[in-house]
Every structure is written in structure tokens, then in C-alpha cells.
Amino acid sequence: RFSAAEREIADQGSGRRKIGKADYQAKGVMYLPETARFAKLLELPEGADLGKALNDAMKAIEDDNEDLRGVLPRTYQALSNSTLTTLLRNVNSILGDIDGDGFGKVYEYFLGKFAMAEGQKGGQFFTPTSIVKLIVEIFEPFKGKILDPACGSGGMFVQSARFVEEHRDNAADRLSIHGTERVGETVKLCRMNLAVHGLGGQVRQANSYYEDPFNIAGNFDYVMANPPFNVNKIDKAKLQDDTDRFPYGTPRSDNGNYIWMQLFYAALNDKGRAGFVMANSAADAAGSEQDIRRQLIQDGGVDIIVSIGSNFFYTVTLPCTLWFYDKGKRGTERADKVLFIDARQIYNQIDRAHRDFKPEHIEFLANIARLYREENVESVHG
């Protein structure tokens with residue numbers, strides 16, 4: 001990405017002004033100081049200490065890119081020179097001429113493989129791409145501030161940005177990204193994920209139950225999330241006075257689903273939309289959770305609910321539900337309607353234990369939502 005921008009800037013330059021960091025930032029490209037450029041690393045003599053050179057390159061990138069401070073790895077000296085030489089040459093031969101968002105897609109691929117290998121722990125930082133794409137296509141984040149208060153490695157942001165770019169706009173100019181994540185190492189993954197896709201944003205390490213670094217109440221155009229399901233042992237006494245983020249009260253049961261669901265709803269402005277993954281049990285939970293659900297529905301913002309089949313996630317094999325809020329539908333003909341879509345029999349079988357959606361599945365389901373909202377349908381795949 002940097003090399004492509006370098007060529008473009010050189011072609012446009014007049015020779016009277018020195019090309020600098022701001023020129024790359026204006027193109028939405030992360031600036032690479034000379035010592036950190038891939039071509040320079042490839043040119044190092046055979047006897048050079050590649051591990052030190054790569055560590056120094058990571059430090060130089062961090063020094064020039066504040067969002068990546070303390071994020072990039074510095075462990076290359078643990079690998080032999082011969083291993084690093086082979087790695088650099090292979091990366092160059094395979095990815096040297098890649099264009100567009102190709103490298104970002106490679107990063108996503110390895111994140112997904114890592115999450116699958118981690119099993120139960122994998123879902124803490126990675127939501128399967130086809131689920132994220134479906135959420136994005138249904139709730140359509142075009143322009144404004146977007147929040148993920150359980151952002152993991154940032155996949156929701158990446159797919160939202162891709163949606164904007166596919167609709168002929170520069171996502172870096174159109175979406176303002178805000179994320180919180182409890183685990184520090186996962187925050188680093190998220191910042192790297194945004195960087196390799198040419199995206200910037202504010203990603204903070206925080207526990208979203210008790211901390212509110214972005215003052216979220218009523219401040220966001222979009223919320224996307226795949227929060228942990230059925231969390232217990234939340235200290236609800238700390239939340240009871242926070243009526244801005246939890247306007248309908250905390251549930252009496254020891255279950256965090258309706259804490260998350262209220263938090264998402266409260267973060268939206270009067271026209272805001274949300275799309276998130278939730279346990280099936282949230283749709284028919286009784287008692288105090290039913291009371292909260294009734295208030296959410298009566299307020300007019302619950303818009304679409306999609307039932308998803310089993311084996312889509314690394315953390316659970318059970319089916320799940322996608323919920324969509326739209327506060328902008330209040331006062332319209334959809335004010336007292338909720339669209340239910342049963343998508344449990346729609347899937348692509350990857351292997352015995354894993355499923356996903358094909359692009360045509362996503363298009364079909366998203367077009368149902370568009371017809372319900374009286375929007376134009378899209379036909380990318382015929």
C-alpha cells in the first residue's frame with residue numbers, strides 16, 4: 001500500500017517540494033520511515049542481523065504512527081537469520097505485487113485460522129467474516145461514528161469500511177471508528193488489523209461494563225458487536241446509577257445479555273442503527289429481562305431479528321440470533337413492526353464442524369431487509 005502511494009505521489013510531484021509524511025497520510029496510507037520499508041529490508045547484505053533490523057523497523061514504524069505505539073512485535077531476534085531470509089523472500093514473491101486490500105485479506109485469513117486453532121478462546125477476538133458481512137449489509141453503515149464496545153481484533157470495523165468503499169466512498173473519510181476491548185493483547189491485534197487495512201480509529205483497553213471512555217450515551221450513528229454470551233458475576237451494583245447507559249435497569253438474573261443489549265441501544269443517537277450477535281435465549285428470557293425487552297420494543301427501535309443456524313462460531317456450536325436496532329424508524333410505518341428472518345437452513349458447509357455464508361446468501365438475506373425498509377435491492381451476484 002505504501003509502495004503504491006509512493007509511486008503515485010512521485011508521478012504527481014513537481015520536484016519543487018519535498019515529499020513527506022503528510023502526503024501519505026492524505027492518501028490514507030500509514031507512513032513508513034525509510035529503515036522500515038520492505039525494499040530496504042530485502043536489500044540488506046547476507047551477513048546482516050535481520051532480527052535486529054526487523055525489530056528496529058517495528059520501532060521506527062511505531063515512532064511515526066501514534067496508533068501503533070507499543071503494538072508491533074519485537075521478537076524477531078528469537079528467529080534465525082536463515083529463517084528470516086526465507087520469510088522475507090517468500091513474502092516478497094507471493095505478496096510483492098499485491099494490490100488493493102489484498103494484504104488486509106491475508107491478515108484476516110490468518111486471524112481466522114488462529115481463532116479456529118484456539119477453539120473456545122478464539123471467539124474472544126475474532127468473529128467469522130461471513131457473519132460480520134451479513135450484519136454490515138443489513139444495517140448499512142454509510143457515514144458517521146461507529147462503536148464496537150467488545151471489538152476484539154476489529155473485524156466489525158474492517159467489514160464496515162469495506163462496505164463503505166464498495167459503495168464508492170473512502171471509508172477513512174466517512175467512518176469515525178471507536179472501539180473498546182478488555183484484553184490488552186487483543187487491543188494490539190485490533191490496532192494492527194486497522195493499520196493493515198489503511199484505517200485509523202480510537203481503540204481503548206477498557207471493560208465496557210464499568211468503563212465508558214467515549215461517553216457513549218446517544219453519541220453514535222452505528223453500533224456493531226459480538227459480545228460474550230451469558231456472562232455472569234457482573235457487579236451490577238456498579239451499574240445501577242448509570243441510567244444513561246442502562247435506562248431500563250439491570251436484570252435481576254445473573255446474566256449479562258441485557259446489560260449489553262441496553263448498552264448498544266443507549267449508545268445510538270435518534271437516527272442510529274445497531275447490529276449485533278446475541279444468544280438465542282435472550283429472545284424469550286422471562287422475568288426482569290422480559291420487562292427490559294418489552295421496554296426496548298415499546299420504544300420502537302427493535303427492527304430486525306435473524307435466526308442463524310449452528311456451527312457458525314468458534315466459541316459455540318449452538319445457533320445464535322442477530323439483532324438489529326433502528327431508532328430512525330420511530331414515527332414511520334415500520335414503527336410498530338419487527339421483521340423476523342429464519343435463516344437456520346441457509347449455510348455453506350465448510351467442514352464437519354464449521355459453516356459460513358456464501359456471498360449470494362448474504363445478498364439474499366440483506367435484500368429481504370432492504371425490501372422491508374422499502375429500499376432498493378442490490379444484485380451483485382446475478
# chains A, B, ... in the order shown; residues from 1 in each chain; ligands from 1
call {"tool": "select_by_dssp", "arguments": {"residues": "stretch 231-326 of chain A", "states": "strand (DSSP E)", "output": "PyMOL selection string"}}
result
chain A and resi 268-279+302-308+320-326
call {"tool": "write_last_selection", "arguments": {"atoms": "N, CA and C atoms", "output": "PDB file, in the first residue's frame"}}
result
ATOM      1  N   LEU A 268     -26.841   4.752  20.749  1.00  0.00           N
ATOM      2  CA  LEU A 268     -27.312   5.278  19.469  1.00  0.00           C
ATOM      3  C   LEU A 268     -27.939   6.664  19.611  1.00  0.00           C
ATOM      4  N   ASN A 269     -27.694   7.504  18.604  1.00  0.00           N
ATOM      5  CA  ASN A 269     -28.418   8.766  18.543  1.00  0.00           C
ATOM      6  C   ASN A 269     -29.830   8.527  17.984  1.00  0.00           C
ATOM      7  N   ASP A 270     -30.581   9.584  17.748  1.00  0.00           N
ATOM      8  CA  ASP A 270     -32.001   9.432  17.386  1.00  0.00           C
ATOM      9  C   ASP A 270     -32.220   8.743  16.043  1.00  0.00           C
ATOM     10  N   LYS A 271     -31.203   8.710  15.191  1.00  0.00           N
ATOM     11  CA  LYS A 271     -31.314   8.039  13.889  1.00  0.00           C
ATOM     12  C   LYS A 271     -30.415   6.805  13.810  1.00  0.00           C
ATOM     13  N   GLY A 272     -29.811   6.431  14.923  1.00  0.00           N
ATOM     14  CA  GLY A 272     -28.776   5.409  14.917  1.00  0.00           C
ATOM     15  C   GLY A 272     -29.279   3.999  14.664  1.00  0.00           C
ATOM     16  N   ARG A 273     -28.367   3.173  14.112  1.00  0.00           N
ATOM     17  CA  ARG A 273     -28.643   1.759  13.862  1.00  0.00           C
ATOM     18  C   ARG A 273     -27.600   0.885  14.546  1.00  0.00           C
ATOM     19  N   ALA A 274     -28.020  -0.291  14.964  1.00  0.00           N
ATOM     20  CA  ALA A 274     -27.102  -1.252  15.572  1.00  0.00           C
ATOM     21  C   ALA A 274     -27.344  -2.632  14.993  1.00  0.00           C
ATOM     22  N   GLY A 275     -26.277  -3.443  14.945  1.00  0.00           N
ATOM     23  CA  GLY A 275     -26.379  -4.844  14.563  1.00  0.00           C
ATOM     24  C   GLY A 275     -25.433  -5.639  15.435  1.00  0.00           C
ATOM     25  N   PHE A 276     -25.929  -6.698  16.071  1.00  0.00           N
ATOM     26  CA  PHE A 276     -25.071  -7.437  16.998  1.00  0.00           C
ATOM     27  C   PHE A 276     -25.510  -8.890  17.105  1.00  0.00           C
ATOM     28  N   VAL A 277     -24.582  -9.708  17.575  1.00  0.00           N
ATOM     29  CA  VAL A 277     -24.821 -11.130  17.776  1.00  0.00           C
ATOM     30  C   VAL A 277     -25.305 -11.337  19.206  1.00  0.00           C
ATOM     31  N   MET A 278     -26.280 -12.241  19.384  1.00  0.00           N
ATOM     32  CA  MET A 278     -26.789 -12.487  20.732  1.00  0.00           C
ATOM     33  C   MET A 278     -27.202 -13.952  20.868  1.00  0.00           C
ATOM     34  N   ALA A 279     -27.119 -14.455  22.079  1.00  0.00           N
ATOM     35  CA  ALA A 279     -27.575 -15.813  22.371  1.00  0.00           C
ATOM     36  C   ALA A 279     -29.066 -15.939  22.096  1.00  0.00           C
ATOM     37  N   VAL A 302     -36.393  -1.635  18.065  1.00  0.00           N
ATOM     38  CA  VAL A 302     -36.057  -3.006  17.665  1.00  0.00           C
ATOM     39  C   VAL A 302     -36.616  -3.231  16.261  1.00  0.00           C
ATOM     40  N   ASP A 303     -35.748  -3.587  15.300  1.00  0.00           N
ATOM     41  CA  ASP A 303     -36.148  -3.541  13.905  1.00  0.00           C
ATOM     42  C   ASP A 303     -36.171  -4.920  13.234  1.00  0.00           C
ATOM     43  N   ILE A 304     -35.087  -5.676  13.342  1.00  0.00           N
ATOM     44  CA  ILE A 304     -34.965  -6.953  12.627  1.00  0.00           C
ATOM     45  C   ILE A 304     -34.285  -7.974  13.540  1.00  0.00           C
ATOM     46  N   ILE A 305     -34.760  -9.213  13.475  1.00  0.00           N
ATOM     47  CA  ILE A 305     -34.125 -10.311  14.209  1.00  0.00           C
ATOM     48  C   ILE A 305     -33.943 -11.470  13.241  1.00  0.00           C
ATOM     49  N   VAL A 306     -32.708 -11.964  13.150  1.00  0.00           N
ATOM     50  CA  VAL A 306     -32.366 -13.043  12.213  1.00  0.00           C
ATOM     51  C   VAL A 306     -31.883 -14.254  12.995  1.00  0.00           C
ATOM     52  N   SER A 307     -32.515 -15.400  12.774  1.00  0.00           N
ATOM     53  CA  SER A 307     -32.085 -16.643  13.408  1.00  0.00           C
ATOM     54  C   SER A 307     -31.024 -17.320  12.547  1.00  0.00           C
ATOM     55  N   ILE A 308     -29.869 -17.606  13.151  1.00  0.00           N
ATOM     56  CA  ILE A 308     -28.737 -18.221  12.460  1.00  0.00           C
ATOM     57  C   ILE A 308     -28.577 -19.661  12.965  1.00  0.00           C
ATOM     58  N   CYS A 320     -27.444 -19.059  16.995  1.00  0.00           N
ATOM     59  CA  CYS A 320     -27.477 -17.748  17.639  1.00  0.00           C
ATOM     60  C   CYS A 320     -28.469 -16.856  16.902  1.00  0.00           C
ATOM     61  N   THR A 321     -28.576 -15.631  17.352  1.00  0.00           N
ATOM     62  CA  THR A 321     -29.517 -14.669  16.777  1.00  0.00           C
ATOM     63  C   THR A 321     -28.795 -13.358  16.503  1.00  0.00           C
ATOM     64  N   LEU A 322     -29.117 -12.741  15.380  1.00  0.00           N
ATOM     65  CA  LEU A 322     -28.635 -11.399  15.095  1.00  0.00           C
ATOM     66  C   LEU A 322     -29.767 -10.414  15.354  1.00  0.00           C
ATOM     67  N   TRP A 323     -29.483  -9.394  16.153  1.00  0.00           N
ATOM     68  CA  TRP A 323     -30.466  -8.350  16.459  1.00  0.00           C
ATOM     69  C   TRP A 323     -30.057  -7.062  15.748  1.00  0.00           C
ATOM     70  N   PHE A 324     -31.067  -6.315  15.298  1.00  0.00           N
ATOM     71  CA  PHE A 324     -30.821  -5.025  14.652  1.00  0.00           C
ATOM     72  C   PHE A 324     -31.758  -3.976  15.252  1.00  0.00           C
ATOM     73  N   TYR A 325     -31.149  -2.876  15.685  1.00  0.00           N
ATOM     74  CA  TYR A 325     -31.912  -1.719  16.143  1.00  0.00           C
ATOM     75  C   TYR A 325     -31.900  -0.655  15.041  1.00  0.00           C
ATOM     76  N   ASP A 326     -32.965   0.145  14.997  1.00  0.00           N
ATOM     77  CA  ASP A 326     -33.015   1.306  14.109  1.00  0.00           C
ATOM     78  C   ASP A 326     -33.890   2.364  14.770  1.00  0.00           C
TER      79      ASP A 326
END
call {"tool": "residues_around", "arguments": {"residues": "A:Arg37", "least_positions_apart": "2", "cutoff": "12 Å", "atoms": "only C-alpha atoms", "output": "list of chain:residue names"}}
result
A:Arg1, A:Phe2, A:Ser3, A:Glu6, A:Met30, A:Tyr31, A:Leu32, A:Pro33, A:Glu34, A:Thr35, A:Ala39, A:Lys40, A:Leu41, A:Leu42, A:Glu43, A:Leu44, A:Ala53, A:Leu54, A:Asp56, A:Ala57, A:Met58, A:Ala60, A:Ile61
call {"tool": "select_by_dssp", "arguments": {"residues": "stretch 278-344 of chain A", "states": "alpha helix (DSSP H)", "output": "list of chain:residue names"}}
result
A:Ser288, A:Glu289, A:Gln290, A:Asp291, A:Ile292, A:Arg293, A:Arg294, A:Gln295, A:Leu296, A:Ile297, A:Gln298
call {"tool": "residues_around", "arguments": {"residues": "A:Trp260", "least_positions_apart": "4", "cutoff": "8 Å", "atoms": "only C-alpha atoms", "output": "PyMOL selection string"}}
result
chain A and resi 227+256+264
call {"tool": "residues_around", "arguments": {"residues": "A:Thr127", "least_positions_apart": "4", "cutoff": "8 Å", "atoms": "only C-alpha atoms", "output": "count of residues only"}}
result
6
call {"tool": "atom_distance", "arguments": {"atom1": "atom CA of A:Asn92", "atom2": "atom CA of A:Ala26"}}
result
26.3 Å
call {"tool": "residues_around", "arguments": {"residues": "A:His354", "least_positions_apart": "2", "cutoff": "10 Å", "atoms": "only C-alpha atoms", "output": "list in words"}}
result
Met116, Ser310, Asn311, Phe312, Phe313, Tyr314, Thr317, Tyr347, Asn348, Gln349, Ile350, Asp351, Arg352 and Asp356 of chain A
call {"tool": "write_last_selection", "arguments": {"atoms": "N, CA, C and O atoms", "output": "compact mmCIF listing (two decimals), in the first residue's frame"}}
result
# COMPACT_ATOMS: atom_id res chain seq x y z
N MET A 116 -9.62 -20.40 14.86
CA MET A 116 -10.11 -21.76 14.75
C MET A 116 -9.23 -22.72 15.56
O MET A 116 -9.72 -23.61 16.26
N SER A 310 -26.57 -23.48 13.56
CA SER A 310 -25.44 -23.86 14.40
C SER A 310 -24.13 -23.88 13.62
O SER A 310 -24.11 -23.81 12.39
N ASN A 311 -23.03 -23.96 14.34
CA ASN A 311 -21.68 -24.17 13.80
C ASN A 311 -21.11 -23.01 12.98
O ASN A 311 -20.25 -23.22 12.14
N PHE A 312 -21.58 -21.80 13.25
CA PHE A 312 -21.01 -20.63 12.58
C PHE A 312 -19.88 -20.01 13.39
O PHE A 312 -19.09 -19.23 12.86
N PHE A 313 -19.81 -20.32 14.67
CA PHE A 313 -18.87 -19.65 15.57
C PHE A 313 -17.86 -20.62 16.14
O PHE A 313 -18.12 -21.81 16.28
N TYR A 314 -16.70 -20.07 16.52
CA TYR A 314 -15.66 -20.90 17.12
C TYR A 314 -15.94 -21.15 18.60
O TYR A 314 -15.49 -22.15 19.15
N THR A 317 -21.13 -24.10 19.36
CA THR A 317 -21.71 -24.78 18.19
C THR A 317 -23.20 -24.51 18.09
O THR A 317 -23.82 -24.82 17.09
N TYR A 347 -26.87 -21.98 4.64
CA TYR A 347 -25.47 -22.04 5.04
C TYR A 347 -24.65 -22.78 3.99
O TYR A 347 -25.19 -23.47 3.13
N ASN A 348 -23.34 -22.60 4.10
CA ASN A 348 -22.36 -23.34 3.30
C ASN A 348 -21.55 -24.19 4.26
O ASN A 348 -20.97 -23.66 5.22
N GLN A 349 -21.50 -25.50 4.05
CA GLN A 349 -20.79 -26.40 4.95
C GLN A 349 -19.29 -26.40 4.59
O GLN A 349 -18.90 -26.92 3.54
N ILE A 350 -18.46 -25.81 5.45
CA ILE A 350 -17.01 -25.75 5.20
C ILE A 350 -16.37 -27.11 5.49
O ILE A 350 -15.66 -27.68 4.68
N ASP A 351 -16.61 -27.60 6.69
CA ASP A 351 -16.18 -28.94 7.10
C ASP A 351 -17.20 -29.44 8.11
O ASP A 351 -18.23 -28.81 8.32
N ARG A 352 -16.91 -30.56 8.74
CA ARG A 352 -17.90 -31.17 9.63
C ARG A 352 -18.34 -30.23 10.75
O ARG A 352 -19.50 -30.25 11.18
N ASP A 356 -20.41 -21.37 6.99
CA ASP A 356 -20.41 -19.93 6.75
C ASP A 356 -21.48 -19.61 5.71
O ASP A 356 -22.24 -20.49 5.29
call {"tool": "closest_residue", "arguments": {"among": "A:Lys358, A:Arg252, A:His197, A:Lys133", "to": "A:Ile346", "atoms": "only C-alpha atoms"}}
result
A:Lys358
call {"tool": "atom_distance", "arguments": {"atom1": "atom CA of A:Thr186", "atom2": "atom CA of A:Pro128"}}
result
15.9 Å
call {"tool": "closest_atom_pairs", "arguments": {"of": "stretch 107-182 of chain A", "to": "stretch 218-222 of chain A", "cutoff": "9 Å", "atoms": "only C-alpha atoms", "output": "JSON lines"}}
result
{"residue": "A:Phe139", "atom": "CA", "partner": "A:Tyr222", "partner_atom": "CA", "distance": 8.5}
{"residue": "A:Pro141", "atom": "CA", "partner": "A:Tyr222", "partner_atom": "CA", "distance": 6.6}
{"residue": "A:Lys143", "atom": "CA", "partner": "A:Asp221", "partner_atom": "CA", "distance": 8.0}
{"residue": "A:Gly144", "atom": "CA", "partner": "A:Asp221", "partner_atom": "CA", "distance": 5.7}
{"residue": "A:Lys145", "atom": "CA", "partner": "A:Phe220", "partner_atom": "CA", "distance": 5.2}
{"residue": "A:Ile146", "atom": "CA", "partner": "A:Tyr222", "partner_atom": "CA", "distance": 4.6}
{"residue": "A:Leu147", "atom": "CA", "partner": "A:Tyr222", "partner_atom": "CA", "distance": 6.3}
{"residue": "A:Asp148", "atom": "CA", "partner": "A:Tyr222", "partner_atom": "CA", "distance": 8.7}
call {"tool": "atom_distance", "arguments": {"atom1": "atom CA of A:Leu88", "atom2": "atom CA of A:Glu62"}}
result
20.2 Å
call {"tool": "residues_around", "arguments": {"residues": "A:Ile138", "least_positions_apart": "2", "cutoff": "8 Å", "atoms": "only C-alpha atoms", "output": "PyMOL selection string"}}
result
chain A and resi 134-136+140+365-367+369-370
call {"tool": "decode", "arguments": {"residues": "stretch 116-168 of chain A", "atoms": "C-alpha atoms", "output": "compact mmCIF listing (two decimals), in the first residue's frame"}}
result
# COMPACT_ATOMS: atom_id res chain seq x y z
CA MET A 116 -10.11 -21.76 14.75
CA ALA A 117 -7.00 -23.35 16.25
CA GLU A 118 -7.66 -21.64 19.58
CA GLY A 119 -11.14 -23.20 19.77
CA GLN A 120 -13.18 -21.77 22.64
CA LYS A 121 -10.71 -18.93 23.23
CA GLY A 122 -10.66 -17.99 19.54
CA GLY A 123 -14.00 -16.25 19.62
CA GLN A 124 -12.71 -13.75 22.16
CA PHE A 125 -11.06 -11.78 19.40
CA PHE A 126 -12.44 -12.93 16.06
CA THR A 127 -15.98 -13.11 14.66
CA PRO A 128 -16.31 -15.21 11.47
CA THR A 129 -16.18 -12.91 8.47
CA SER A 130 -19.40 -14.07 6.80
CA ILE A 131 -21.44 -13.25 9.92
CA VAL A 132 -19.88 -9.79 10.11
CA LYS A 133 -20.55 -9.19 6.40
CA LEU A 134 -24.22 -10.11 6.87
CA ILE A 135 -24.58 -7.72 9.80
CA VAL A 136 -22.94 -4.90 7.83
CA GLU A 137 -25.05 -5.49 4.71
CA ILE A 138 -28.26 -5.37 6.74
CA PHE A 139 -27.59 -2.32 8.87
CA GLU A 140 -25.60 -0.36 6.23
CA PRO A 141 -23.06 1.88 7.98
CA PHE A 142 -22.53 4.66 5.43
CA LYS A 143 -21.29 7.70 7.32
CA GLY A 144 -20.71 8.76 10.90
CA LYS A 145 -19.41 7.47 14.22
CA ILE A 146 -19.28 3.70 14.74
CA LEU A 147 -18.78 1.92 18.07
CA ASP A 148 -17.87 -1.65 18.98
CA PRO A 149 -17.66 -1.95 22.78
CA ALA A 150 -16.38 -5.56 22.55
CA CYS A 151 -14.23 -5.04 19.47
CA GLY A 152 -11.82 -7.99 19.64
CA SER A 153 -9.45 -7.77 16.67
CA GLY A 154 -11.59 -5.18 14.87
CA GLY A 155 -13.28 -7.31 12.21
CA MET A 156 -16.53 -5.36 12.53
CA PHE A 157 -14.70 -2.13 11.65
CA VAL A 158 -12.88 -3.69 8.69
CA GLN A 159 -16.07 -5.01 7.10
CA SER A 160 -17.90 -1.72 7.75
CA ALA A 161 -15.12 0.16 5.98
CA ARG A 162 -15.20 -2.31 3.10
CA PHE A 163 -18.97 -1.78 2.77
CA VAL A 164 -18.46 1.98 2.50
CA GLU A 165 -15.71 1.62 -0.10
CA GLU A 166 -17.82 -0.78 -2.16
CA HIS A 167 -20.44 1.95 -2.24
CA ARG A 168 -17.88 4.32 -3.78
